[in-house]
$ cat coords_39.cif   # mmCIF, C-alpha atoms
data_run
loop_
_atom_site.group_PDB
_atom_site.id
_atom_site.type_symbol
_atom_site.label_atom_id
_atom_site.label_comp_id
_atom_site.auth_asym_id
_atom_site.auth_seq_id
_atom_site.Cartn_x
_atom_site.Cartn_y
_atom_site.Cartn_z
ATOM 1 C CA MET Y 235 40.502 -12.174 9.415
ATOM 2 C CA ALA Y 236 37.722 -12.027 12.008
ATOM 3 C CA LYS Y 237 36.377 -15.392 10.774
ATOM 4 C CA LYS Y 238 39.875 -16.860 10.934
ATOM 5 C CA PHE Y 239 40.284 -15.628 14.502
ATOM 6 C CA LEU Y 240 36.912 -17.119 15.473
ATOM 7 C CA LEU Y 241 37.923 -20.426 13.877
ATOM 8 C CA ALA Y 242 41.125 -20.454 15.954
ATOM 9 C CA ILE Y 243 39.173 -19.903 19.190
ATOM 10 C CA ILE Y 244 36.665 -22.651 18.352
ATOM 11 C CA SER Y 245 39.456 -25.089 17.392
ATOM 12 C CA LEU Y 246 41.331 -24.412 20.621
ATOM 13 C CA ALA Y 247 38.153 -24.912 22.643
ATOM 14 C CA VAL Y 248 37.546 -28.258 20.890
ATOM 15 C CA VAL Y 249 41.081 -29.423 21.707
ATOM 16 C CA VAL Y 250 40.743 -28.437 25.386
ATOM 17 C CA ILE Y 251 37.358 -30.158 25.726
ATOM 18 C CA SER Y 252 38.705 -33.239 23.940
ATOM 19 C CA GLY Y 253 41.703 -33.324 26.291
ATOM 20 C CA VAL Y 254 39.539 -33.058 29.399
ATOM 21 C CA VAL Y 255 37.135 -35.755 28.212
ATOM 22 C CA GLY Y 256 40.037 -37.981 27.095
ATOM 23 C CA TYR Y 257 41.834 -37.908 30.458
ATOM 24 C CA MET Y 258 38.575 -38.439 32.341
ATOM 25 C CA PHE Y 259 37.740 -41.472 30.191
ATOM 26 C CA ILE Y 260 41.210 -43.005 29.839
ATOM 27 C CA GLU Y 261 42.693 -42.256 33.277
ATOM 28 C CA GLY Y 262 39.528 -41.853 35.309
ATOM 29 C CA TRP Y 263 40.564 -38.440 36.671
ATOM 30 C CA ASP Y 264 38.169 -35.757 37.867
ATOM 31 C CA ILE Y 265 37.397 -32.727 35.683
ATOM 32 C CA LEU Y 266 39.787 -30.328 37.480
ATOM 33 C CA ASN Y 267 42.834 -32.578 37.189
ATOM 34 C CA SER Y 268 41.920 -33.421 33.589
ATOM 35 C CA LEU Y 269 41.657 -29.729 32.709
ATOM 36 C CA TYR Y 270 44.948 -28.948 34.459
ATOM 37 C CA MET Y 271 46.739 -31.760 32.630
ATOM 38 C CA THR Y 272 45.280 -30.654 29.289
ATOM 39 C CA VAL Y 273 46.375 -27.041 29.745
ATOM 40 C CA ILE Y 274 49.969 -27.807 30.810
ATOM 41 C CA THR Y 275 50.255 -30.317 27.958
ATOM 42 C CA ILE Y 276 49.072 -27.906 25.258
ATOM 43 C CA ALA Y 277 51.095 -25.017 26.691
ATOM 44 C CA SER Y 278 54.218 -27.230 27.104
ATOM 45 C CA VAL Y 279 55.170 -25.573 30.394
ATOM 46 C CA GLY Y 280 57.054 -28.686 31.546
ATOM 47 C CA PHE Y 281 55.223 -29.446 34.792
ATOM 48 C CA MET Y 282 54.972 -33.059 35.964
ATOM 49 C CA GLU Y 283 51.877 -35.145 35.357
ATOM 50 C CA VAL Y 284 49.133 -35.027 37.967
ATOM 51 C CA TYR Y 285 49.303 -38.798 38.277
ATOM 52 C CA PRO Y 286 51.446 -41.388 36.485
ATOM 53 C CA LEU Y 287 50.053 -42.013 33.025
ATOM 54 C CA SER Y 288 48.989 -45.392 31.698
ATOM 55 C CA PRO Y 289 50.298 -46.506 28.270
ATOM 56 C CA TYR Y 290 47.032 -45.421 26.669
ATOM 57 C CA GLY Y 291 47.285 -42.102 28.494
ATOM 58 C CA ARG Y 292 50.789 -41.507 27.159
ATOM 59 C CA ILE Y 293 49.665 -42.225 23.577
ATOM 60 C CA PHE Y 294 46.736 -39.848 24.031
ATOM 61 C CA THR Y 295 49.094 -37.178 25.431
ATOM 62 C CA ILE Y 296 51.389 -37.486 22.395
ATOM 63 C CA PHE Y 297 48.514 -36.754 20.021
ATOM 64 C CA LEU Y 298 47.253 -33.972 22.301
ATOM 65 C CA ILE Y 299 50.672 -32.278 22.198
ATOM 66 C CA ILE Y 300 50.881 -32.540 18.401
ATOM 67 C CA PHE Y 301 47.411 -31.215 17.646
ATOM 68 C CA GLY Y 302 47.187 -28.896 20.649
ATOM 69 C CA MET Y 303 50.480 -27.110 19.999
ATOM 70 C CA GLY Y 304 49.642 -26.686 16.328
ATOM 71 C CA ILE Y 305 46.264 -25.124 17.039
ATOM 72 C CA LEU Y 306 47.681 -22.978 19.859
ATOM 73 C CA LEU Y 307 50.364 -21.565 17.553
ATOM 74 C CA PHE Y 308 47.724 -20.967 14.868
ATOM 75 C CA GLY Y 309 45.595 -19.084 17.405
ATOM 76 C CA ILE Y 310 48.497 -16.946 18.641
ATOM 77 C CA SER Y 311 49.569 -16.004 15.099
ATOM 78 C CA THR Y 312 45.985 -15.202 14.119
ATOM 79 C CA PHE Y 313 45.442 -13.034 17.189
ATOM 80 C CA THR Y 314 48.723 -11.195 16.533
ATOM 81 C CA ALA Y 315 47.715 -10.526 12.926
ATOM 82 C CA PHE Y 316 44.290 -9.427 14.146
ATOM 83 C CA LEU Y 317 45.924 -6.757 16.310
ATOM 84 C CA VAL Y 318 48.648 -5.728 13.851
ATOM 85 C CA GLU Y 319 46.289 -5.312 10.893
ATOM 86 C CA GLY Y 320 44.042 -3.076 12.954
ATOM 87 C CA GLU Y 321 40.934 -5.208 12.645
ATOM 88 C CA LEU Y 322 40.365 -5.134 16.387
ATOM 89 C CA SER Y 323 40.380 -1.326 16.435
ATOM 90 C CA GLU Y 324 38.147 -1.340 13.349
ATOM 91 C CA LEU Y 325 35.721 -3.681 15.105
ATOM 92 C CA LEU Y 326 35.646 -1.468 18.207
ATOM 93 C CA ARG Y 327 35.136 1.657 16.069
ATOM 94 C CA ARG Y 328 32.306 -0.041 14.194
ATOM 95 C CA ARG Y 329 30.603 -0.981 17.452
ATOM 96 C CA LYS Y 330 30.932 2.581 18.705
ATOM 97 C CA MET Y 331 29.397 3.861 15.454
ATOM 98 C CA ASP Y 332 26.531 1.350 15.675
ATOM 99 C CA LYS Y 333 25.853 2.536 19.218
ATOM 100 C CA SER Y 334 25.776 6.171 18.047
ATOM 101 C CA ILE Y 335 23.335 5.255 15.266
ATOM 102 C CA SER Y 336 21.061 3.366 17.675
ATOM 103 C CA GLU Y 337 20.798 6.493 19.850
ATOM 104 C CA LEU Y 338 19.709 8.787 16.991
ATOM 105 C CA LYS Y 339 16.182 10.142 16.792
ATOM 106 C CA GLY Y 340 14.727 12.395 14.091
ATOM 107 C CA HIS Y 341 17.665 11.746 11.767
ATOM 108 C CA TYR Y 342 17.775 11.189 8.005
ATOM 109 C CA ILE Y 343 18.885 8.076 6.142
ATOM 110 C CA VAL Y 344 20.595 8.497 2.775
ATOM 111 C CA CYS Y 345 20.542 5.314 0.681
ATOM 112 C CA GLY Y 346 23.039 5.246 -2.165
ATOM 113 C CA ILE Y 347 25.988 7.655 -1.992
ATOM 114 C CA GLY Y 348 26.528 8.161 -5.692
ATOM 115 C CA ARG Y 349 26.478 11.341 -7.779
ATOM 116 C CA ILE Y 350 23.288 12.556 -6.086
ATOM 117 C CA GLY Y 351 23.606 10.951 -2.673
ATOM 118 C CA ARG Y 352 26.900 12.632 -1.881
ATOM 119 C CA HIS Y 353 25.340 16.075 -2.467
ATOM 120 C CA VAL Y 354 22.475 15.136 -0.152
ATOM 121 C CA ILE Y 355 25.019 14.173 2.533
ATOM 122 C CA ASP Y 356 26.879 17.471 2.043
ATOM 123 C CA GLU Y 357 23.674 19.501 2.400
ATOM 124 C CA LEU Y 358 22.593 17.694 5.566
ATOM 125 C CA TYR Y 359 26.070 18.116 6.998
ATOM 126 C CA LYS Y 360 26.189 21.851 6.210
ATOM 127 C CA THR Y 361 22.791 22.512 7.748
ATOM 128 C CA GLY Y 362 23.533 20.534 10.897
ATOM 129 C CA ARG Y 363 21.055 17.694 10.386
ATOM 130 C CA PRO Y 364 22.022 14.242 11.724
ATOM 131 C CA CYS Y 365 22.132 11.530 9.081
ATOM 132 C CA VAL Y 366 23.198 7.957 8.386
ATOM 133 C CA ALA Y 367 24.531 6.891 4.989
ATOM 134 C CA ILE Y 368 24.048 3.427 3.490
ATOM 135 C CA ASP Y 369 26.066 2.080 0.565
ATOM 136 C CA VAL Y 370 27.506 -1.243 -0.599
ATOM 137 C CA ASN Y 371 30.726 0.204 -2.015
ATOM 138 C CA GLU Y 372 33.809 -0.301 0.175
ATOM 139 C CA ASP Y 373 35.656 2.776 -1.144
ATOM 140 C CA ILE Y 374 32.635 5.049 -0.607
ATOM 141 C CA CYS Y 375 32.223 3.786 2.961
ATOM 142 C CA ARG Y 376 35.903 4.368 3.635
ATOM 143 C CA GLY Y 377 35.534 7.963 2.443
ATOM 144 C CA LEU Y 378 32.516 8.497 4.709
ATOM 145 C CA ASP Y 379 34.469 7.090 7.634
ATOM 146 C CA GLU Y 380 37.328 9.519 6.992
ATOM 147 C CA ARG Y 381 34.849 12.433 7.067
ATOM 148 C CA GLY Y 382 33.370 11.242 10.358
ATOM 149 C CA ILE Y 383 29.938 10.553 8.832
ATOM 150 C CA LEU Y 384 27.863 7.738 10.314
ATOM 151 C CA PHE Y 385 27.438 4.965 7.759
ATOM 152 C CA ILE Y 386 26.446 1.354 7.242
ATOM 153 C CA LYS Y 387 27.968 -0.845 4.549
ATOM 154 C CA GLY Y 388 25.178 -2.958 3.112
ATOM 155 C CA ASP Y 389 22.186 -3.276 0.802
ATOM 156 C CA ALA Y 390 19.719 -0.491 1.612
ATOM 157 C CA THR Y 391 16.785 -2.551 0.314
ATOM 158 C CA ASN Y 392 17.412 -5.083 3.092
ATOM 159 C CA SER Y 393 15.121 -4.603 6.101
ATOM 160 C CA ALA Y 394 17.857 -5.596 8.556
ATOM 161 C CA VAL Y 395 20.197 -2.907 7.194
ATOM 162 C CA LEU Y 396 17.504 -0.218 7.478
ATOM 163 C CA LYS Y 397 16.713 -1.307 11.024
ATOM 164 C CA THR Y 398 20.414 -1.069 11.873
ATOM 165 C CA ALA Y 399 20.210 2.526 10.586
ATOM 166 C CA ASN Y 400 17.450 3.016 13.204
ATOM 167 C CA ALA Y 401 14.752 3.621 10.590
ATOM 168 C CA GLU Y 402 12.059 3.201 13.267
ATOM 169 C CA HIS Y 403 13.090 6.527 14.817
ATOM 170 C CA ALA Y 404 14.246 8.382 11.686
ATOM 171 C CA LYS Y 405 12.588 11.475 10.214
ATOM 172 C CA GLY Y 406 13.046 10.717 6.552
ATOM 173 C CA VAL Y 407 14.755 8.565 3.922
ATOM 174 C CA PHE Y 408 16.457 9.621 0.697
ATOM 175 C CA CYS Y 409 16.233 6.954 -2.022
ATOM 176 C CA SER Y 410 19.134 7.618 -4.379
ATOM 177 C CA LEU Y 411 20.080 4.101 -5.463
ATOM 178 C CA PRO Y 412 21.391 3.594 -9.033
ATOM 179 C CA THR Y 413 18.171 2.319 -10.669
ATOM 180 C CA ASP Y 414 14.469 3.141 -10.442
ATOM 181 C CA ALA Y 415 13.672 -0.511 -9.697
ATOM 182 C CA GLU Y 416 15.971 -0.479 -6.664
ATOM 183 C CA ASN Y 417 14.495 2.775 -5.408
ATOM 184 C CA LEU Y 418 10.967 1.414 -5.833
ATOM 185 C CA LEU Y 419 11.862 -1.675 -3.789
ATOM 186 C CA LEU Y 420 13.503 0.545 -1.187
ATOM 187 C CA ILE Y 421 10.345 2.661 -0.828
ATOM 188 C CA LEU Y 422 8.242 -0.446 -0.193
ATOM 189 C CA THR Y 423 10.767 -1.770 2.330
ATOM 190 C CA VAL Y 424 10.915 1.544 4.204
ATOM 191 C CA LYS Y 425 7.131 1.816 4.396
ATOM 192 C CA GLY Y 426 7.015 -1.702 5.817
ATOM 193 C CA ILE Y 427 9.337 -0.673 8.650
ATOM 194 C CA ASN Y 428 7.991 2.795 9.429
ATOM 195 C CA PRO Y 429 4.930 4.030 7.475
ATOM 196 C CA ALA Y 430 5.294 7.520 8.993
ATOM 197 C CA LEU Y 431 8.699 8.181 7.410
ATOM 198 C CA ARG Y 432 8.906 10.920 4.788
ATOM 199 C CA ILE Y 433 10.465 9.548 1.607
ATOM 200 C CA VAL Y 434 12.145 11.507 -1.170
ATOM 201 C CA ALA Y 435 13.192 9.390 -4.136
ATOM 202 C CA LYS Y 436 15.275 9.901 -7.260
ATOM 203 C CA ALA Y 437 13.885 8.736 -10.598
ATOM 204 C CA GLU Y 438 15.408 8.497 -14.055
ATOM 205 C CA GLU Y 439 12.294 7.617 -16.071
ATOM 206 C CA ASP Y 440 9.204 9.852 -16.185
ATOM 207 C CA GLU Y 441 6.854 6.896 -15.753
ATOM 208 C CA SER Y 442 8.617 5.925 -12.512
ATOM 209 C CA GLU Y 443 7.345 9.031 -10.730
ATOM 210 C CA GLU Y 444 3.752 7.845 -10.468
ATOM 211 C CA LYS Y 445 4.804 4.317 -9.487
ATOM 212 C CA MET Y 446 7.000 5.590 -6.690
ATOM 213 C CA LYS Y 447 4.291 7.887 -5.355
ATOM 214 C CA ARG Y 448 1.810 5.026 -5.351
ATOM 215 C CA ALA Y 449 4.368 2.931 -3.470
ATOM 216 C CA GLY Y 450 4.591 5.585 -0.752
ATOM 217 C CA ALA Y 451 7.128 8.221 -1.801
ATOM 218 C CA ASP Y 452 6.194 11.726 -0.628
ATOM 219 C CA SER Y 453 8.252 13.402 -3.323
ATOM 220 C CA VAL Y 454 10.001 12.171 -6.473
ATOM 221 C CA VAL Y 455 12.824 14.111 -8.112
ATOM 222 C CA LEU Y 456 13.365 13.565 -11.837
ATOM 223 C CA SER Y 457 17.059 14.285 -12.310
ATOM 224 C CA GLU Y 458 16.820 14.982 -16.070
ATOM 225 C CA PHE Y 459 13.852 17.318 -15.574
ATOM 226 C CA ILE Y 460 15.649 19.264 -12.827
ATOM 227 C CA GLY Y 461 18.821 19.408 -14.923
ATOM 228 C CA GLY Y 462 16.965 20.763 -17.960
ATOM 229 C CA LEU Y 463 15.083 23.317 -15.873
ATOM 230 C CA ARG Y 464 18.342 24.498 -14.337
ATOM 231 C CA MET Y 465 19.994 24.941 -17.736
ATOM 232 C CA ALA Y 466 17.052 26.998 -18.970
ATOM 233 C CA SER Y 467 17.124 29.140 -15.820
ATOM 234 C CA ALA Y 468 20.862 29.769 -16.181
ATOM 235 C CA MET Y 469 20.204 31.077 -19.669
ATOM 236 C CA VAL Y 470 17.148 33.287 -19.138
ATOM 237 C CA ARG Y 471 17.633 34.443 -15.507
ATOM 238 C CA PRO Y 472 21.404 34.350 -14.887
ATOM 239 C CA GLU Y 473 21.461 36.767 -11.927
ATOM 240 C CA ALA Y 474 18.858 34.779 -9.985
ATOM 241 C CA VAL Y 475 20.722 31.538 -10.634
ATOM 242 C CA THR Y 476 24.015 33.128 -9.586
ATOM 243 C CA PHE Y 477 22.407 34.300 -6.351
ATOM 244 C CA LEU Y 478 21.090 30.788 -5.619
ATOM 245 C CA ASP Y 479 24.482 29.260 -6.431
ATOM 246 C CA LYS Y 480 26.255 31.544 -3.996
ATOM 247 C CA MET Y 481 23.585 30.878 -1.377
ATOM 248 C CA LEU Y 482 23.901 27.102 -1.693
ATOM 249 C CA LYS Y 483 27.662 26.909 -2.151
ATOM 250 C CA GLY Y 484 28.634 29.663 0.263
ATOM 251 C CA GLY Y 485 31.618 28.865 2.462
ATOM 252 C CA GLU Y 486 31.263 30.493 5.875
ATOM 253 C CA ASP Y 487 27.630 31.665 6.001
ATOM 254 C CA VAL Y 488 25.203 28.894 5.084
ATOM 255 C CA ILE Y 489 22.053 30.596 3.716
ATOM 256 C CA ARG Y 490 19.006 28.437 3.037
ATOM 257 C CA VAL Y 491 15.286 28.612 2.308
ATOM 258 C CA GLU Y 492 13.551 26.670 5.102
ATOM 259 C CA ASP Y 493 10.009 25.978 6.267
ATOM 260 C CA ILE Y 494 8.595 25.813 9.785
ATOM 261 C CA SER Y 495 5.270 24.130 10.473
ATOM 262 C CA VAL Y 496 2.989 25.780 13.029
ATOM 263 C CA LEU Y 497 1.604 23.012 15.241
ATOM 264 C CA ALA Y 498 -1.228 23.289 17.750
ATOM 265 C CA ASP Y 499 1.223 23.448 20.675
ATOM 266 C CA SER Y 500 3.665 25.733 18.852
ATOM 267 C CA PRO Y 501 4.710 28.931 20.638
ATOM 268 C CA PHE Y 502 3.870 30.778 17.400
ATOM 269 C CA ALA Y 503 0.256 29.577 17.112
ATOM 270 C CA GLY Y 504 -2.249 32.428 17.507
ATOM 271 C CA LYS Y 505 0.391 35.147 17.154
ATOM 272 C CA THR Y 506 0.977 37.643 14.375
ATOM 273 C CA LEU Y 507 4.280 37.651 12.531
ATOM 274 C CA LYS Y 508 5.132 40.865 14.374
ATOM 275 C CA ASN Y 509 4.644 39.217 17.782
ATOM 276 C CA SER Y 510 6.058 35.824 16.854
ATOM 277 C CA GLY Y 511 9.673 36.978 16.870
ATOM 278 C CA PHE Y 512 10.413 35.854 13.322
ATOM 279 C CA LEU Y 513 10.959 39.399 12.123
ATOM 280 C CA ASP Y 514 13.233 40.240 15.058
ATOM 281 C CA LYS Y 515 15.661 37.429 14.359
ATOM 282 C CA LYS Y 516 18.859 38.697 12.767
ATOM 283 C CA GLY Y 517 19.649 37.307 9.330
ATOM 284 C CA ILE Y 518 16.150 35.920 8.674
ATOM 285 C CA SER Y 519 13.389 37.088 6.332
ATOM 286 C CA VAL Y 520 9.858 35.712 5.990
ATOM 287 C CA VAL Y 521 9.236 34.864 2.335
ATOM 288 C CA ALA Y 522 5.722 33.438 2.524
ATOM 289 C CA VAL Y 523 3.055 31.936 4.758
ATOM 290 C CA ARG Y 524 1.032 28.907 3.691
ATOM 291 C CA LYS Y 525 -2.556 28.586 4.862
ATOM 292 C CA GLY Y 526 -4.210 25.453 3.545
ATOM 293 C CA GLU Y 527 -3.256 25.267 -0.133
ATOM 294 C CA GLN Y 528 -2.770 29.030 -0.516
ATOM 295 C CA TYR Y 529 0.557 30.866 -0.191
ATOM 296 C CA THR Y 530 0.818 34.518 0.798
ATOM 297 C CA PHE Y 531 4.106 35.922 -0.472
ATOM 298 C CA ASN Y 532 5.780 38.751 1.405
ATOM 299 C CA PRO Y 533 3.084 38.675 4.130
ATOM 300 C CA SER Y 534 2.352 41.709 6.304
ATOM 301 C CA LYS Y 535 3.472 41.986 9.923
ATOM 302 C CA GLU Y 536 -0.149 41.552 11.024
ATOM 303 C CA GLU Y 537 -0.494 38.125 9.387
ATOM 304 C CA ARG Y 538 -1.790 35.788 12.105
ATOM 305 C CA LEU Y 539 -0.348 32.291 12.367
ATOM 306 C CA GLU Y 540 -2.664 29.391 13.123
ATOM 307 C CA ALA Y 541 -2.181 25.674 13.699
ATOM 308 C CA GLY Y 542 -1.571 23.947 10.364
ATOM 309 C CA ASP Y 543 0.114 26.961 8.760
ATOM 310 C CA ALA Y 544 3.678 26.907 7.468
ATOM 311 C CA VAL Y 545 6.176 29.780 7.430
ATOM 312 C CA ILE Y 546 8.728 29.926 4.597
ATOM 313 C CA LEU Y 547 11.972 31.602 5.674
ATOM 314 C CA ILE Y 548 15.247 32.561 4.048
ATOM 315 C CA GLY Y 549 18.309 33.199 6.141
ATOM 316 C CA GLU Y 550 21.265 31.726 7.988
ATOM 317 C CA ALA Y 551 20.818 28.023 8.657
ATOM 318 C CA LYS Y 552 22.149 28.406 12.204
ATOM 319 C CA SER Y 553 19.542 31.043 13.108
ATOM 320 C CA ILE Y 554 16.728 29.000 11.576
ATOM 321 C CA ARG Y 555 17.814 25.940 13.583
ATOM 322 C CA GLU Y 556 17.527 28.014 16.758
ATOM 323 C CA ILE Y 557 13.923 28.888 15.864
ATOM 324 C CA LYS Y 558 13.101 25.261 15.079
ATOM 325 C CA LYS Y 559 14.359 24.197 18.484
ATOM 326 C CA LEU Y 560 11.622 26.343 20.050
ATOM 327 C CA THR Y 561 9.003 24.333 18.173
ATOM 328 C CA GLY Y 562 10.620 20.960 18.857
ATOM 329 C CA LEU Y 563 11.179 20.308 15.140
#

$ encode --input "coords_39.cif" --output "structure tokens"
Amino acid sequence: MAKKFLLAIISLAVVVISGVVGYMFIEGWDILNSLYMTVITIASVGFMEVYPLSPYGRIFTIFLIIFGMGILLFGISTFTAFLVEGELSELLRRRKMDKSISELKGHYIVCGIGRIGRHVIDELYKTGRPCVAIDVNEDICRGLDERGILFIKGDATNSAVLKTANAEHAKGVFCSLPTDAENLLLILTVKGINPALRIVAKAEEDESEEKMKRAGADSVVLSEFIGGLRMASAMVRPEAVTFLDKMLKGGEDVIRVEDISVLADSPFAGKTLKNSGFLDKKGISVVAVRKGEQYTFNPSKEERLEAGDAVILIGEAKSIREIKKLTGL
């Protein structure tokens, strides 16, 4: 419909220009009088001619009325349909969404909203992390729109689509397209736009893991491996799995395991856990501290945090977000 509306505008402009040029050439009028005569002729308002018309001018006017009225009616009907069918409001809403996406910084891009991608979107939404979804399926995009999730309908492996998703200022990209080949191409495309982006990719074949990591993926998730590991865990450690299920699928209180990096300018650098404030925060427990490649589980209160360390926490997502704000993460 938008293309049809654009065609109507172009056609009408051609008729008006042709009318102006025709009257200037045939009758020798100036541009203002020629434009005036063209408009009143096409609109059929019934005003008198600017000047008496010559025989050639009358013949030209007859054809101008026939073609001009036809195109004018076509334009009016197209514009009416454009409004009635809601395409104008859809266009305005799309522009507003594009503007919101262009203003994002530190967001995540989810490519492919299939069986895995939709769970990624849900998790980001629950934990309050801004994200943009990309998918080619019209029905999926309509569902995202109804949920108020920012999205782009298009091919995620296309550089222009990723740039529209503001990949230059994103924090990370999830590659969950249907095939390993598509995800591999996506990784290469993302790295070409922003080499600093963290990339997590889904893989179906074991041999794809190494290829994707060589292409630039920071982490590769083998869906069959994770599924098998989960089934085994549900069998041999049912209580632990039940606890994790309730933690991840909880309704009101969103409990998560999170990590916080200690940077050189972090307010936690050089402080012990006791003085950092982590232990005083309600609903949060420190699970481990990473120093280099070593993890200290259940660290003591006197554990000193240095630049480059990472603190592993478990607790309410809202409380953890408040701590992250202090570090600028």

$ residues_near_point --input "coords_39.cif" --point "(6.7, 28.8, 3.4)" --cutoff "7 Å" --atoms "only C-alpha atoms" --output "PDB file with C-alpha atoms, keeping the file's coordinate frame"
ATOM      1  CA  ASP Y 493      10.009  25.978   6.267  1.00  0.00           C
ATOM      2  CA  VAL Y 521       9.236  34.864   2.335  1.00  0.00           C
ATOM      3  CA  ALA Y 522       5.722  33.438   2.524  1.00  0.00           C
ATOM      4  CA  VAL Y 523       3.055  31.936   4.758  1.00  0.00           C
ATOM      5  CA  ARG Y 524       1.032  28.907   3.691  1.00  0.00           C
ATOM      6  CA  ALA Y 544       3.678  26.907   7.468  1.00  0.00           C
ATOM      7  CA  VAL Y 545       6.176  29.780   7.430  1.00  0.00           C
ATOM      8  CA  ILE Y 546       8.728  29.926   4.597  1.00  0.00           C
ATOM      9  CA  LEU Y 547      11.972  31.602   5.674  1.00  0.00           C
TER      10      LEU Y 547
END

$ closest_residue --input "coords_39.cif" --among "Y:Leu422, Y:Ala430, Y:Leu326, Y:Leu384" --to "His403 (chain Y)" --atoms "only C-alpha atoms"
Y:Ala430

$ resolve_selection --input "coords_39.cif" --expression "the PyMOL selection byres ((chain Y and resi 445) around 12)" --output "PDB file with C-alpha atoms, in the coordinates of the input"
ATOM      1  CA  ASP Y 414      14.469   3.141 -10.442  1.00  0.00           C
ATOM      2  CA  ALA Y 415      13.672  -0.511  -9.697  1.00  0.00           C
ATOM      3  CA  ASN Y 417      14.495   2.775  -5.408  1.00  0.00           C
ATOM      4  CA  LEU Y 418      10.967   1.414  -5.833  1.00  0.00           C
ATOM      5  CA  LEU Y 419      11.862  -1.675  -3.789  1.00  0.00           C
ATOM      6  CA  ILE Y 421      10.345   2.661  -0.828  1.00  0.00           C
ATOM      7  CA  LEU Y 422       8.242  -0.446  -0.193  1.00  0.00           C
ATOM      8  CA  ALA Y 435      13.192   9.390  -4.136  1.00  0.00           C
ATOM      9  CA  ALA Y 437      13.885   8.736 -10.598  1.00  0.00           C
ATOM     10  CA  GLU Y 439      12.294   7.617 -16.071  1.00  0.00           C
ATOM     11  CA  ASP Y 440       9.204   9.852 -16.185  1.00  0.00           C
ATOM     12  CA  GLU Y 441       6.854   6.896 -15.753  1.00  0.00           C
ATOM     13  CA  SER Y 442       8.617   5.925 -12.512  1.00  0.00           C
ATOM     14  CA  GLU Y 443       7.345   9.031 -10.730  1.00  0.00           C
ATOM     15  CA  GLU Y 444       3.752   7.845 -10.468  1.00  0.00           C
ATOM     16  CA  MET Y 446       7.000   5.590  -6.690  1.00  0.00           C
ATOM     17  CA  LYS Y 447       4.291   7.887  -5.355  1.00  0.00           C
ATOM     18  CA  ARG Y 448       1.810   5.026  -5.351  1.00  0.00           C
ATOM     19  CA  ALA Y 449       4.368   2.931  -3.470  1.00  0.00           C
ATOM     20  CA  GLY Y 450       4.591   5.585  -0.752  1.00  0.00           C
ATOM     21  CA  ALA Y 451       7.128   8.221  -1.801  1.00  0.00           C
ATOM     22  CA  ASP Y 452       6.194  11.726  -0.628  1.00  0.00           C
ATOM     23  CA  SER Y 453       8.252  13.402  -3.323  1.00  0.00           C
ATOM     24  CA  VAL Y 454      10.001  12.171  -6.473  1.00  0.00           C
TER      25      VAL Y 454
END

$ closest_residue --input "coords_39.cif" --among "Y:Gly340, Y:Gly346, Y:Gly461, Y:Gly549" --to "Glu492 (chain Y)" --atoms "only C-alpha atoms"
Y:Gly549

$ atom_distance --input "coords_39.cif" --atom1 "CA of Leu306 (chain Y)" --atom2 "CA of Ala242 (chain Y)"
8.0 Å

$ resolve_selection --input "coords_39.cif" --expression "the PyMOL selection byres ((chain Y and resi 363) around 12)" --output "list in words"
Leu338, Lys339, Gly340, His341, Tyr342, Ile343, Val344, Val354, Ile355, Asp356, Glu357, Leu358, Tyr359, Lys360, Thr361, Gly362, Pro364, Cys365, Val366, Ile383, Ala404, Lys405, Gly406, Ala551, Lys552, Arg555, Lys558 and Leu563 of chain Y

$ resolve_selection --input "coords_39.cif" --expression "the PyMOL selection byres ((chain Y and resi 243) around 12)" --output "VMD selection string"
chain Y and resid 236 to 242 244 to 250 305 to 313

$ atom_distance --input "coords_39.cif" --atom1 "CA of Lys397 (chain Y)" --atom2 "CA of Arg349 (chain Y)"
24.7 Å
